[in-house]
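Okay, structure.pdb now, which holds PDB, C-alpha atoms and all ligand atoms:
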ATOM      1  CA  MET A  21     189.175 -81.181 192.893
ATOM      2  CA  LEU A  22     190.629 -83.428 195.560
ATOM      3  CA  THR A  23     190.637 -80.503 197.974
ATOM      4  CA  LEU A  24     186.973 -79.916 197.255
ATOM      5  CA  VAL A  25     186.118 -83.550 197.853
ATOM      6  CA  ALA A  26     188.257 -83.512 200.972
ATOM      7  CA  ALA A  27     186.476 -80.413 202.232
ATOM      8  CA  LEU A  28     183.166 -82.178 201.764
ATOM      9  CA  PHE A  29     184.424 -85.157 203.700
ATOM     10  CA  TYR A  30     185.851 -83.076 206.504
ATOM     11  CA  SER A  31     182.567 -81.370 207.064
ATOM     12  CA  CYS A  32     181.244 -84.719 208.253
ATOM     13  CA  SER A  33     183.582 -84.915 211.216
ATOM     14  CA  GLU A  34     183.664 -81.578 212.925
ATOM     15  CA  LYS A  35     184.898 -81.305 216.466
ATOM     16  CA  GLY A  36     182.068 -80.953 218.941
ATOM     17  CA  GLU A  37     179.665 -82.784 216.657
ATOM     18  CA  LYS A  38     178.291 -86.281 216.742
ATOM     19  CA  VAL A  39     180.653 -88.629 214.923
ATOM     20  CA  TYR A  40     179.400 -90.723 212.026
ATOM     21  CA  SER A  41     176.328 -88.431 211.908
ATOM     22  CA  GLY A  42     174.902 -90.579 214.690
ATOM     23  CA  LYS A  43     174.789 -93.670 212.462
ATOM     24  CA  SER A  44     175.523 -97.257 213.552
ATOM     25  CA  PHE A  45     177.377 -99.847 211.502
ATOM     26  CA  VAL A  46     177.203-103.622 211.722
ATOM     27  CA  LEU A  47     180.804-104.780 211.480
ATOM     28  CA  THR A  48     182.886-107.857 212.291
ATOM     29  CA  ASP A  49     185.657-108.003 214.868
ATOM     30  CA  MET A  50     188.943-109.931 214.739
ATOM     31  CA  ASN A  51     187.199-112.911 216.356
ATOM     32  CA  LYS A  52     184.537-112.927 213.623
ATOM     33  CA  LYS A  53     181.981-111.644 216.080
ATOM     34  CA  SER A  54     179.317-109.295 214.765
ATOM     35  CA  ILE A  55     179.720-105.881 216.369
ATOM     36  CA  THR A  56     177.521-102.832 216.073
ATOM     37  CA  TYR A  57     179.774 -99.810 216.101
ATOM     38  CA  PRO A  58     179.911 -97.291 217.685
ATOM     39  CA  ASP A  59     177.171 -98.741 219.902
ATOM     40  CA  ILE A  60     179.665-101.064 221.622
ATOM     41  CA  THR A  61     181.510 -98.079 223.018
ATOM     42  CA  LYS A  62     178.408 -96.233 224.191
ATOM     43  CA  GLY A  63     178.962 -94.504 227.522
ATOM     44  CA  LYS A  64     182.709 -94.898 227.180
ATOM     45  CA  ILE A  65     185.457 -92.809 225.699
ATOM     46  CA  THR A  66     186.594 -94.157 222.332
ATOM     47  CA  VAL A  67     190.046 -93.908 220.822
ATOM     48  CA  VAL A  68     189.684 -94.957 217.209
ATOM     49  CA  GLY A  69     192.361 -95.414 214.550
ATOM     50  CA  TYR A  70     191.853 -96.089 210.854
ATOM     51  CA  ILE A  71     194.239 -98.515 209.175
ATOM     52  CA  PHE A  72     194.924-101.058 206.451
ATOM     53  CA  THR A  73     197.265-103.933 207.207
ATOM     54  CA  ASN A  74     199.161-103.914 203.895
ATOM     55  CA  CYS A  75     200.481-100.559 205.010
ATOM     56  CA  PRO A  76     204.083-101.150 206.116
ATOM     57  CA  ASP A  77     204.963 -97.816 207.623
ATOM     58  CA  ILE A  78     202.189 -95.425 208.633
ATOM     59  CA  CYS A  79     199.610 -97.865 209.999
ATOM     60  CA  PRO A  80     202.040 -99.830 212.186
ATOM     61  CA  LEU A  81     203.086 -96.455 213.616
ATOM     62  CA  THR A  82     199.484 -95.434 214.186
ATOM     63  CA  THR A  83     198.787 -98.786 215.816
ATOM     64  CA  ASN A  84     201.864 -98.492 217.982
ATOM     65  CA  ASN A  85     200.836 -95.010 219.059
ATOM     66  CA  MET A  86     197.474 -96.410 220.125
ATOM     67  CA  ARG A  87     199.300 -99.081 222.099
ATOM     68  CA  LEU A  88     201.470 -96.482 223.831
ATOM     69  CA  LEU A  89     198.412 -94.410 224.641
ATOM     70  CA  LYS A  90     196.569 -97.489 225.895
ATOM     71  CA  GLU A  91     199.482 -98.357 228.177
ATOM     72  CA  LYS A  92     198.944 -95.023 229.899
ATOM     73  CA  PHE A  93     195.430 -96.095 230.840
ATOM     74  CA  PRO A  94     195.616 -99.397 232.717
ATOM     75  CA  ARG A  95     192.295-101.174 232.299
ATOM     76  CA  ARG A  96     191.679-101.535 236.035
ATOM     77  CA  ASP A  97     192.042 -97.787 236.588
ATOM     78  CA  TYR A  98     190.354 -96.680 233.384
ATOM     79  CA  PRO A  99     187.752 -99.272 232.433
ATOM     80  CA  GLU A 100     185.753 -96.698 230.484
ATOM     81  CA  ILE A 101     188.068 -96.230 227.544
ATOM     82  CA  GLU A 102     187.744 -98.418 224.472
ATOM     83  CA  PHE A 103     190.330 -98.622 221.729
ATOM     84  CA  VAL A 104     189.117 -99.440 218.223
ATOM     85  CA  SER A 105     191.047 -99.937 214.982
ATOM     86  CA  ILE A 106     188.962-100.018 211.823
ATOM     87  CA  SER A 107     190.245-101.187 208.448
ATOM     88  CA  PHE A 108     189.392 -99.242 205.319
ATOM     89  CA  ASP A 109     190.632-102.166 203.198
ATOM     90  CA  PRO A 110     188.052-104.793 204.193
ATOM     91  CA  LYS A 111     188.592-107.026 201.155
ATOM     92  CA  VAL A 112     192.142-107.722 202.330
ATOM     93  CA  ASP A 113     191.636-107.214 206.042
ATOM     94  CA  THR A 114     189.559-110.203 207.015
ATOM     95  CA  PRO A 115     189.094-110.940 210.738
ATOM     96  CA  GLU A 116     191.947-113.477 210.481
ATOM     97  CA  VAL A 117     194.290-110.897 208.956
ATOM     98  CA  LEU A 118     193.429-108.370 211.652
ATOM     99  CA  LYS A 119     193.934-110.950 214.366
ATOM    100  CA  LYS A 120     197.357-111.842 213.030
ATOM    101  CA  PHE A 121     198.239-108.150 212.711
ATOM    102  CA  ALA A 122     197.458-107.687 216.408
ATOM    103  CA  GLU A 123     199.162-110.908 217.489
ATOM    104  CA  VAL A 124     202.421-110.152 215.718
ATOM    105  CA  ARG A 125     202.528-106.862 217.574
ATOM    106  CA  ASP A 126     201.701-108.444 220.940
ATOM    107  CA  LEU A 127     198.838-106.040 221.444
ATOM    108  CA  ASP A 128     196.758-106.204 224.589
ATOM    109  CA  LEU A 129     193.321-106.779 223.106
ATOM    110  CA  ASN A 130     191.548-106.346 226.415
ATOM    111  CA  GLY A 131     189.727-103.123 225.609
ATOM    112  CA  TRP A 132     190.936-102.982 222.016
ATOM    113  CA  THR A 133     188.789-104.140 219.111
ATOM    114  CA  PHE A 134     189.860-104.498 215.483
ATOM    115  CA  LEU A 135     186.984-104.129 213.064
ATOM    116  CA  THR A 136     186.310-104.900 209.429
ATOM    117  CA  GLY A 137     183.101-105.408 207.503
ATOM    118  CA  GLU A 138     181.168-105.353 204.272
ATOM    119  CA  PRO A 139     182.916-102.975 201.864
ATOM    120  CA  ALA A 140     179.770-100.886 201.395
ATOM    121  CA  ILE A 141     179.291-100.475 205.140
ATOM    122  CA  ILE A 142     182.966 -99.659 205.701
ATOM    123  CA  SER A 143     182.845 -97.146 202.903
ATOM    124  CA  ASP A 144     179.830 -95.456 204.489
ATOM    125  CA  LEU A 145     181.552 -95.389 207.883
ATOM    126  CA  MET A 146     184.759 -93.916 206.458
ATOM    127  CA  HIS A 147     182.739 -91.309 204.601
ATOM    128  CA  GLU A 148     180.989 -90.303 207.812
ATOM    129  CA  ALA A 149     184.294 -90.271 209.691
ATOM    130  CA  GLY A 150     185.924 -88.123 207.029
ATOM    131  CA  ILE A 151     188.539 -90.757 206.315
ATOM    132  CA  ILE A 152     189.724 -90.734 202.742
ATOM    133  CA  SER A 153     191.553 -93.681 201.208
ATOM    134  CA  ILE A 154     192.562 -93.521 197.589
ATOM    135  CA  PRO A 155     194.291 -96.443 195.865
ATOM    136  CA  GLY A 156     197.784 -95.170 195.132
ATOM    137  CA  ASP A 157     200.781 -97.202 194.060
ATOM    138  CA  SER A 158     200.323-100.899 193.621
ATOM    139  CA  THR A 159     202.617-103.849 193.232
ATOM    140  CA  VAL A 160     201.961-107.082 191.406
ATOM    141  CA  THR A 161     203.583-110.130 192.980
ATOM    142  CA  PRO A 162     205.174-112.857 190.809
ATOM    143  CA  ALA A 163     202.009-114.887 191.434
ATOM    144  CA  GLY A 164     199.986-112.103 189.842
ATOM    145  CA  GLU A 165     198.421-110.781 193.017
ATOM    146  CA  LYS A 166     197.886-107.033 193.034
ATOM    147  CA  ILE A 167     198.659-105.281 196.298
ATOM    148  CA  ILE A 168     197.258-101.779 196.588
ATOM    149  CA  PHE A 169     198.860 -99.145 198.773
ATOM    150  CA  TYR A 170     196.362 -96.523 199.795
ATOM    151  CA  ILE A 171     196.959 -92.842 200.187
ATOM    152  CA  HIS A 172     194.900 -92.270 203.277
ATOM    153  CA  THR A 173     193.959 -89.990 206.113
ATOM    154  CA  ASP A 174     196.422 -90.574 208.925
ATOM    155  CA  ARG A 175     194.222 -90.302 211.964
ATOM    156  CA  ILE A 176     193.417 -91.291 215.508
ATOM    157  CA  SER A 177     190.229 -89.737 216.916
ATOM    158  CA  VAL A 178     189.077 -89.336 220.482
ATOM    159  CA  ILE A 179     185.321 -89.528 220.948
ATOM    160  CA  ASP A 180     183.555 -88.752 224.212
ATOM    161  CA  ARG A 181     180.909 -90.760 226.089
ATOM    162  CA  ASP A 182     178.102 -89.159 224.106
ATOM    163  CA  GLY A 183     179.660 -89.943 220.739
ATOM    164  CA  ILE A 184     180.880 -86.392 220.236
ATOM    165  CA  LEU A 185     184.179 -85.919 218.431
ATOM    166  CA  VAL A 186     186.680 -84.427 220.882
ATOM    167  CA  GLU A 187     189.784 -84.299 218.720
ATOM    168  CA  ASN A 188     191.378 -85.704 215.568
ATOM    169  CA  PHE A 189     195.073 -86.437 215.938
ATOM    170  CA  PRO A 190     197.642 -87.351 213.292
ATOM    171  CA  GLY A 191     197.849 -91.119 213.770
ATOM    172  CA  SER A 192     201.423 -91.956 212.829
ATOM    173  CA  SER A 193     202.935 -88.939 214.574
ATOM    174  CA  LEU A 194     200.606 -88.791 217.572
ATOM    175  CA  ASP A 195     201.661 -86.554 220.446
ATOM    176  CA  ILE A 196     200.976 -89.181 223.118
ATOM    177  CA  ASP A 197     201.060 -86.711 226.007
ATOM    178  CA  LYS A 198     198.655 -84.355 224.309
ATOM    179  CA  ALA A 199     196.221 -87.174 223.573
ATOM    180  CA  TYR A 200     196.652 -88.432 227.138
ATOM    181  CA  ARG A 201     195.789 -85.010 228.584
ATOM    182  CA  GLU A 202     192.794 -84.694 226.306
ATOM    183  CA  ILE A 203     191.414 -88.037 227.506
ATOM    184  CA  ILE A 204     192.105 -87.268 231.177
ATOM    185  CA  ARG A 205     190.262 -83.974 230.742
ATOM    186  CA  ILE A 206     187.081 -85.732 229.672
ATOM    187  CA  TYR A 207     187.399 -88.935 231.680
TER     188      TYR A 207
ATOM    189  CA  MET B  13     229.839-113.898 211.688
ATOM    190  CA  ASN B  14     229.937-110.263 212.719
ATOM    191  CA  LEU B  15     233.693-110.200 212.211
ATOM    192  CA  LEU B  16     233.206-111.476 208.707
ATOM    193  CA  PHE B  17     230.941-108.543 208.020
ATOM    194  CA  ILE B  18     233.361-106.066 209.456
ATOM    195  CA  ILE B  19     236.050-107.476 207.192
ATOM    196  CA  LEU B  20     233.645-107.529 204.256
ATOM    197  CA  SER B  21     232.615-103.948 204.810
ATOM    198  CA  MET B  22     236.296-102.954 205.022
ATOM    199  CA  PHE B  23     236.758-104.391 201.575
ATOM    200  CA  LEU B  24     233.765-102.453 200.367
ATOM    201  CA  GLN B  25     235.066 -99.220 201.855
ATOM    202  CA  HIS B  26     236.851 -98.269 198.666
ATOM    203  CA  SER B  27     233.496 -97.454 197.109
ATOM    204  CA  GLY B  28     232.811 -95.067 199.959
ATOM    205  CA  ILE B  29     229.398 -96.559 200.689
ATOM    206  CA  THR B  30     228.687 -98.039 204.105
ATOM    207  CA  ILE B  31     225.401 -99.062 205.635
ATOM    208  CA  GLU B  32     224.742 -98.151 209.246
ATOM    209  CA  ASN B  33     222.049 -98.993 211.792
ATOM    210  CA  PRO B  34     220.099-101.461 209.690
ATOM    211  CA  TRP B  35     216.875-102.896 211.083
ATOM    212  CA  ILE B  36     213.715-104.514 209.814
ATOM    213  CA  ARG B  37     210.327-104.055 211.389
ATOM    214  CA  ASN B  38     208.765-107.306 212.550
ATOM    215  CA  SER B  39     205.841-108.717 210.596
ATOM    216  CA  SER B  40     204.275-112.011 209.612
ATOM    217  CA  THR B  41     204.131-114.233 206.537
ATOM    218  CA  GLY B  42     201.953-112.822 203.795
ATOM    219  CA  THR B  43     202.198-109.234 204.994
ATOM    220  CA  ASN B  44     204.595-106.436 204.127
ATOM    221  CA  THR B  45     207.312-104.795 206.097
ATOM    222  CA  ALA B  46     210.029-102.206 205.794
ATOM    223  CA  PHE B  47     213.816-102.207 206.072
ATOM    224  CA  PHE B  48     215.503 -99.100 207.492
ATOM    225  CA  PHE B  49     219.149 -98.031 207.527
ATOM    226  CA  THR B  50     221.525 -95.147 206.919
ATOM    227  CA  VAL B  51     223.673 -94.980 203.796
ATOM    228  CA  ASN B  52     226.921 -93.178 204.431
ATOM    229  CA  ASN B  53     228.863 -92.082 201.387
ATOM    230  CA  THR B  54     232.389 -91.153 202.437
ATOM    231  CA  GLY B  55     233.606 -91.299 198.859
ATOM    232  CA  LYS B  56     234.287 -88.466 196.456
ATOM    233  CA  GLU B  57     231.577 -89.422 194.012
ATOM    234  CA  ALA B  58     227.835 -89.736 194.255
ATOM    235  CA  ASP B  59     226.392 -93.224 194.168
ATOM    236  CA  THR B  60     222.898 -94.388 193.383
ATOM    237  CA  LEU B  61     220.753 -96.986 195.087
ATOM    238  CA  TYR B  62     218.605 -98.477 192.338
ATOM    239  CA  ALA B  63     217.253-101.737 193.710
ATOM    240  CA  ALA B  64     217.072-104.029 196.707
ATOM    241  CA  TYR B  65     216.411-107.680 197.254
ATOM    242  CA  GLY B  66     215.363-109.875 200.143
ATOM    243  CA  ASP B  67     214.788-113.580 199.556
ATOM    244  CA  PHE B  68     212.094-113.703 202.230
ATOM    245  CA  ALA B  69     209.713-111.411 200.317
ATOM    246  CA  GLU B  70     208.015-111.895 196.966
ATOM    247  CA  VAL B  71     208.835-108.365 195.893
ATOM    248  CA  THR B  72     211.401-105.871 197.183
ATOM    249  CA  GLU B  73     211.128-102.210 196.238
ATOM    250  CA  VAL B  74     212.651 -98.895 197.240
ATOM    251  CA  HIS B  75     209.882 -96.680 198.574
ATOM    252  CA  GLU B  76     209.137 -93.401 200.191
ATOM    253  CA  THR B  77     206.295 -92.376 202.462
ATOM    254  CA  TYR B  78     204.952 -88.933 201.680
ATOM    255  CA  LYS B  79     202.426 -86.494 202.981
ATOM    256  CA  LYS B  80     199.509 -85.453 200.837
ATOM    257  CA  GLY B  81     197.281 -82.544 201.658
ATOM    258  CA  GLU B  82     196.483 -81.649 205.214
ATOM    259  CA  ASP B  83     196.493 -85.026 206.908
ATOM    260  CA  MET B  84     196.900 -87.785 204.346
ATOM    261  CA  MET B  85     199.843 -90.118 203.953
ATOM    262  CA  GLY B  86     200.806 -92.249 200.998
ATOM    263  CA  MET B  87     203.666 -94.373 199.818
ATOM    264  CA  ARG B  88     205.234 -94.773 196.417
ATOM    265  CA  GLU B  89     208.090 -96.532 194.707
ATOM    266  CA  VAL B  90     211.144 -94.411 193.988
ATOM    267  CA  PRO B  91     213.225 -95.595 191.033
ATOM    268  CA  ILE B  92     216.553 -94.386 192.429
ATOM    269  CA  VAL B  93     217.998 -92.698 195.492
ATOM    270  CA  VAL B  94     221.147 -90.659 194.909
ATOM    271  CA  ILE B  95     223.644 -90.545 197.749
ATOM    272  CA  PRO B  96     225.761 -87.417 197.288
ATOM    273  CA  PRO B  97     229.476 -87.651 198.183
ATOM    274  CA  GLY B  98     230.275 -86.886 201.802
ATOM    275  CA  SER B  99     226.686 -87.299 202.932
ATOM    276  CA  LYS B 100     224.311 -89.627 204.685
ATOM    277  CA  VAL B 101     220.858 -90.579 203.532
ATOM    278  CA  VAL B 102     218.640 -91.972 206.253
ATOM    279  CA  PHE B 103     215.969 -94.519 205.435
ATOM    280  CA  LYS B 104     213.564 -94.211 208.347
ATOM    281  CA  PRO B 105     209.913 -94.586 209.356
ATOM    282  CA  ARG B 106     207.601 -92.051 207.648
ATOM    283  CA  ASP B 107     210.292 -91.539 205.029
ATOM    284  CA  LEU B 108     212.466 -93.589 202.665
ATOM    285  CA  HIS B 109     212.416 -97.359 203.193
ATOM    286  CA  VAL B 110     213.049-100.612 201.434
ATOM    287  CA  MET B 111     209.707-102.286 201.194
ATOM    288  CA  LEU B 112     209.521-106.045 201.539
ATOM    289  CA  ILE B 113     206.241-107.096 200.028
ATOM    290  CA  LYS B 114     204.379-110.355 200.704
ATOM    291  CA  LEU B 115     206.759-111.947 203.157
ATOM    292  CA  THR B 116     207.311-115.625 202.495
ATOM    293  CA  SER B 117     208.229-116.282 206.115
ATOM    294  CA  ASP B 118     207.643-114.669 209.484
ATOM    295  CA  VAL B 119     210.021-111.855 210.337
ATOM    296  CA  GLU B 120     210.201-112.023 214.101
ATOM    297  CA  LYS B 121     211.924-109.941 216.709
ATOM    298  CA  GLY B 122     215.403-111.235 217.462
ATOM    299  CA  MET B 123     215.931-112.675 213.987
ATOM    300  CA  GLU B 124     218.531-111.451 211.531
ATOM    301  CA  LYS B 125     217.580-111.128 207.892
ATOM    302  CA  GLU B 126     219.744-110.626 204.856
ATOM    303  CA  VAL B 127     218.878-107.884 202.410
ATOM    304  CA  ILE B 128     220.900-106.883 199.358
ATOM    305  CA  LEU B 129     221.158-103.233 198.387
ATOM    306  CA  LYS B 130     222.193-102.569 194.802
ATOM    307  CA  PHE B 131     224.252 -99.488 194.060
ATOM    308  CA  ARG B 132     225.442 -98.374 190.635
ATOM    309  CA  LYS B 133     229.054 -97.935 191.755
ATOM    310  CA  ALA B 134     229.427 -99.883 194.982
ATOM    311  CA  GLY B 135     227.598-102.824 193.477
ATOM    312  CA  GLU B 136     225.649-105.229 195.634
ATOM    313  CA  ILE B 137     225.977-104.756 199.370
ATOM    314  CA  LYS B 138     224.700-107.548 201.579
ATOM    315  CA  ILE B 139     223.312-106.458 204.915
ATOM    316  CA  LYS B 140     222.378-108.583 207.891
ATOM    317  CA  ALA B 141     219.664-106.627 209.575
ATOM    318  CA  PRO B 142     218.263-107.373 213.015
ATOM    319  CA  VAL B 143     214.487-107.575 213.275
ATOM    320  CA  LYS B 144     213.022-105.162 215.780
ATOM    321  CA  GLY B 145     209.563-104.332 217.017
ATOM    322  CA  MET B 146     208.179-100.900 217.651
ATOM    323  CA  GLU B 147     210.556-100.329 220.559
ATOM    324  CA  ALA B 148     213.169 -99.631 217.889
ATOM    325  CA  MET B 149     211.110 -96.595 216.997
ATOM    326  CA  MET B 150     211.055 -95.229 220.497
ATOM    327  CA  MET B 151     214.789 -94.738 220.577
ATOM    328  CA  LYS B 152     214.905 -93.126 217.170
ATOM    329  CA  HIS B 153     211.879 -90.908 217.712
ATOM    330  CA  LYS B 154     213.500 -88.438 220.002
TER     331      LYS B 154
HETATM  332 CU    CU C   1     206.622 -98.840 201.180
END
Translate this structure into structure tokens?
Ligand SMILES: [Cu+2]
Amino acid sequence: MLTLVAALFYSCSEKGEKVYSGKSFVLTDMNKKSITYPDITKGKITVVGYIFTNCPDICPLTTNNMRLLKEKFPRRDYPEIEFVSISFDPKVDTPEVLKKFAEVRDLDLNGWTFLTGEPAIISDLMHEAGIISIPGDSTVTPAGEKIIFYIHTDRISVIDRDGILVENFPGSSLDIDKAYREIIRIY
Amino acid sequence: MNLLFIILSMFLQHSGITIENPWIRNSSTGTNTAFFFTVNNTGKEADTLYAAYGDFAEVTEVHETYKKGEDMMGMREVPIVVIPPGSKVVFKPRDLHVMLIKLTSDVEKGMEKEVILKFRKAGEIKIKAPVKGMEAMMMKHK
């Protein structure tokens, strides 16, 4: 069943096709600014990762891989690449939480936007992107707070200037050189 | 302080369990993080890790990251981890880890944090683990 659902989802994000079926989404960035995505990256190459901040292992790795990739493209030499991290856990990942997540990791946010938004909008975006996140294990803290750990698609995507999906990479185990070459090829 | 730990770990040697290369990934108050290390069992009997505790997190659990389907990743609690005699079990990114949930204080690079690992035979082993950022990964990746 899951495979079937997954297959349905995947069909929405084929290589060589317009990502997000050409839709736009009104989201909020880590500075609480309203952002229409992917419009903000129009005419630029986008490197987008999908994360949730309660994730202790995979998403920090994915985020770090984006940082390593970004370091290969100094802003002054490559101003036309935008990095975007979008949370699929918007109830937890408020702009403040995303900001802290980036700050703790000393990320260079010049050319890197963290996005969250209304759950319904995020859910639509993730559906279009083919990102699946299923609540998996959870832990209840002594204070009674339930923390959900998602089983999720581990992905970083490269999108070209026309919003066409170039490649989906495994986020937490990204081959940095391969992704680098792919971006250089289309830059 | 380090000397004390060397002496302490010498005393613990009889159980055959030693902890090597411990480190904690940096994170901030209210979030979660993971503790990584290698358990070396030089003894003649298997031992079992059944719990862990860090006083700077609301909950501490033993976890594993696992792959699901083509490109999905998840994480789940594992009740026990058996360390066979004469073997090493590595707790590492994208694999086994001790999960520190809802940190009650910032866990910053350069700090040292104490975590207790609870084994059935070796008992409680206290570890002082340095906090490292992602650069710790780089060295271990290769
Ligand atoms: Cu975990």
B:Pro105, B:Pro34, B:Pro142, B:Gly122: which is nearest ligand CU 1 (chain C), counting all atoms listed in the file? B:Pro105
Using only C-alpha atoms, find which residues of chain A lie within 10 Å of chain B and jot them down as a count of residues only. 49
Nearest residue to ligand CU 1 (chain C) from the set B:Ala64, B:Val51, B:Val110, B:Ile29 (distances using all atoms listed in the file): B:Val110
Expressed in Å to a single decimal, how great is the separation between atom CA of Gly137 of chain A and atom CA of Leu118 of chain A? 11.5 Å
Pick the closest to Val46 of chain A from A:Glu91, A:Glu34, A:Glu100, A:Glu138: which is it, counting all atoms listed in the file?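 Distance minimum relative to Val46 of chain A lands on A:Glu138.
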Go through B:Ile36, B:Leu61, B:Ile31, B:Ile95 and flag the residue nearest Gly135 of chain B, using all atoms listed in the file for the distances.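 Smallest separation from Gly135 of chain B among the options: B:Leu61.
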Distance of atom CA of Lys119 of chain A from atom CA of Asn51 of chain A, expressed in Å to one decimal place: 7.3 Å
Which residue gives the smallest distance to Leu115 of chain B among B:Pro96, B:Ala141, B:Gly66, B:Trp35, with only C-alpha atoms counted?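 When distances to Leu115 of chain B are compared using only C-alpha atoms, the smallest one comes from B:Gly66.
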Distance of atom CA of Asp97 of chain A from atom CA of Lys198 of chain A, expressed in Å to one decimal place: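 Computing the Euclidean distance for atom CA of Lys198 of chain A and atom CA of Asp97 of chain A yields 19.4 Å.
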Expected residue set, 10 Å radius at (232.7, -89.5, 205.7), only C-alpha atoms, as a VMD selection string: chain B and resid 28 to 30 52 to 56 97 to 100
Around all the atoms of segment 52-55 of chain B listed in the file, draw an axis-aligned box and extend it by 5 Å on each of the six sides; I want its centre and edge lengths in Å to one decimal, as AutoDock Vina command-line options.
--center_x 230.3 --center_y -92.2 --center_z 201.6 --size_x 16.7 --size_y 12.0 --size_z 15.6
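Shortest atom-to-atom contact with ligand CU 1 (chain C) among B:Ala134, B:Val143, B:Ala58, B:Val74: B:Val74, counting only C-alpha atoms and all ligand atoms.
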Output of the PyMOL selection byres (((chain A and resi 184) around 12) and not hetatm), listed as an mmCIF file with C-alpha atoms, in the frame of the given file:
data_model
loop_
_atom_site.group_PDB
_atom_site.id
_atom_site.type_symbol
_atom_site.label_atom_id
_atom_site.label_comp_id
_atom_site.auth_asym_id
_atom_site.auth_seq_id
_atom_site.Cartn_x
_atom_site.Cartn_y
_atom_site.Cartn_z
ATOM 1 C CA SER A 33 183.582 -84.915 211.216
ATOM 2 C CA GLU A 34 183.664 -81.578 212.925
ATOM 3 C CA LYS A 35 184.898 -81.305 216.466
ATOM 4 C CA GLY A 36 182.068 -80.953 218.941
ATOM 5 C CA GLU A 37 179.665 -82.784 216.657
ATOM 6 C CA LYS A 38 178.291 -86.281 216.742
ATOM 7 C CA VAL A 39 180.653 -88.629 214.923
ATOM 8 C CA TYR A 40 179.400 -90.723 212.026
ATOM 9 C CA SER A 41 176.328 -88.431 211.908
ATOM 10 C CA GLY A 42 174.902 -90.579 214.690
ATOM 11 C CA PRO A 58 179.911 -97.291 217.685
ATOM 12 C CA LYS A 62 178.408 -96.233 224.191
ATOM 13 C CA GLY A 63 178.962 -94.504 227.522
ATOM 14 C CA LYS A 64 182.709 -94.898 227.180
ATOM 15 C CA ILE A 65 185.457 -92.809 225.699
ATOM 16 C CA THR A 66 186.594 -94.157 222.332
ATOM 17 C CA VAL A 67 190.046 -93.908 220.822
ATOM 18 C CA ALA A 149 184.294 -90.271 209.691
ATOM 19 C CA SER A 177 190.229 -89.737 216.916
ATOM 20 C CA VAL A 178 189.077 -89.336 220.482
ATOM 21 C CA ILE A 179 185.321 -89.528 220.948
ATOM 22 C CA ASP A 180 183.555 -88.752 224.212
ATOM 23 C CA ARG A 181 180.909 -90.760 226.089
ATOM 24 C CA ASP A 182 178.102 -89.159 224.106
ATOM 25 C CA GLY A 183 179.660 -89.943 220.739
ATOM 26 C CA LEU A 185 184.179 -85.919 218.431
ATOM 27 C CA VAL A 186 186.680 -84.427 220.882
ATOM 28 C CA GLU A 187 189.784 -84.299 218.720
ATOM 29 C CA ASN A 188 191.378 -85.704 215.568
ATOM 30 C CA ILE A 206 187.081 -85.732 229.672
#
Take the PyMOL selection byres (((chain A and resi 133) around 6) and not hetatm), run it mentally on this structure, and tell me the resulting residues as JSON, numbers by chain. {"A": [104, 132, 134]}
Please provide as a PyMOL selection string all residues within 6 Å of Val127 of chain B, with the sequence filter that same-chain residues fewer than 6 positions apart are discarded (counting all atoms listed in the file). chain B and resi 65-66+138-139
Could you tell me, as a list in words, exactly which residues end up selected when the PyMOL selection byres (((chain A and resi 90) around 10) and not hetatm) is applied to this structure? Val67, Asn84, Asn85, Met86, Arg87, Leu88, Leu89, Glu91, Lys92, Phe93, Pro94, Arg95, Tyr98, Ile101, Glu102, Phe103, Leu127, Asp128, Gly131, Trp132, Ile196 and Tyr200 of chain A
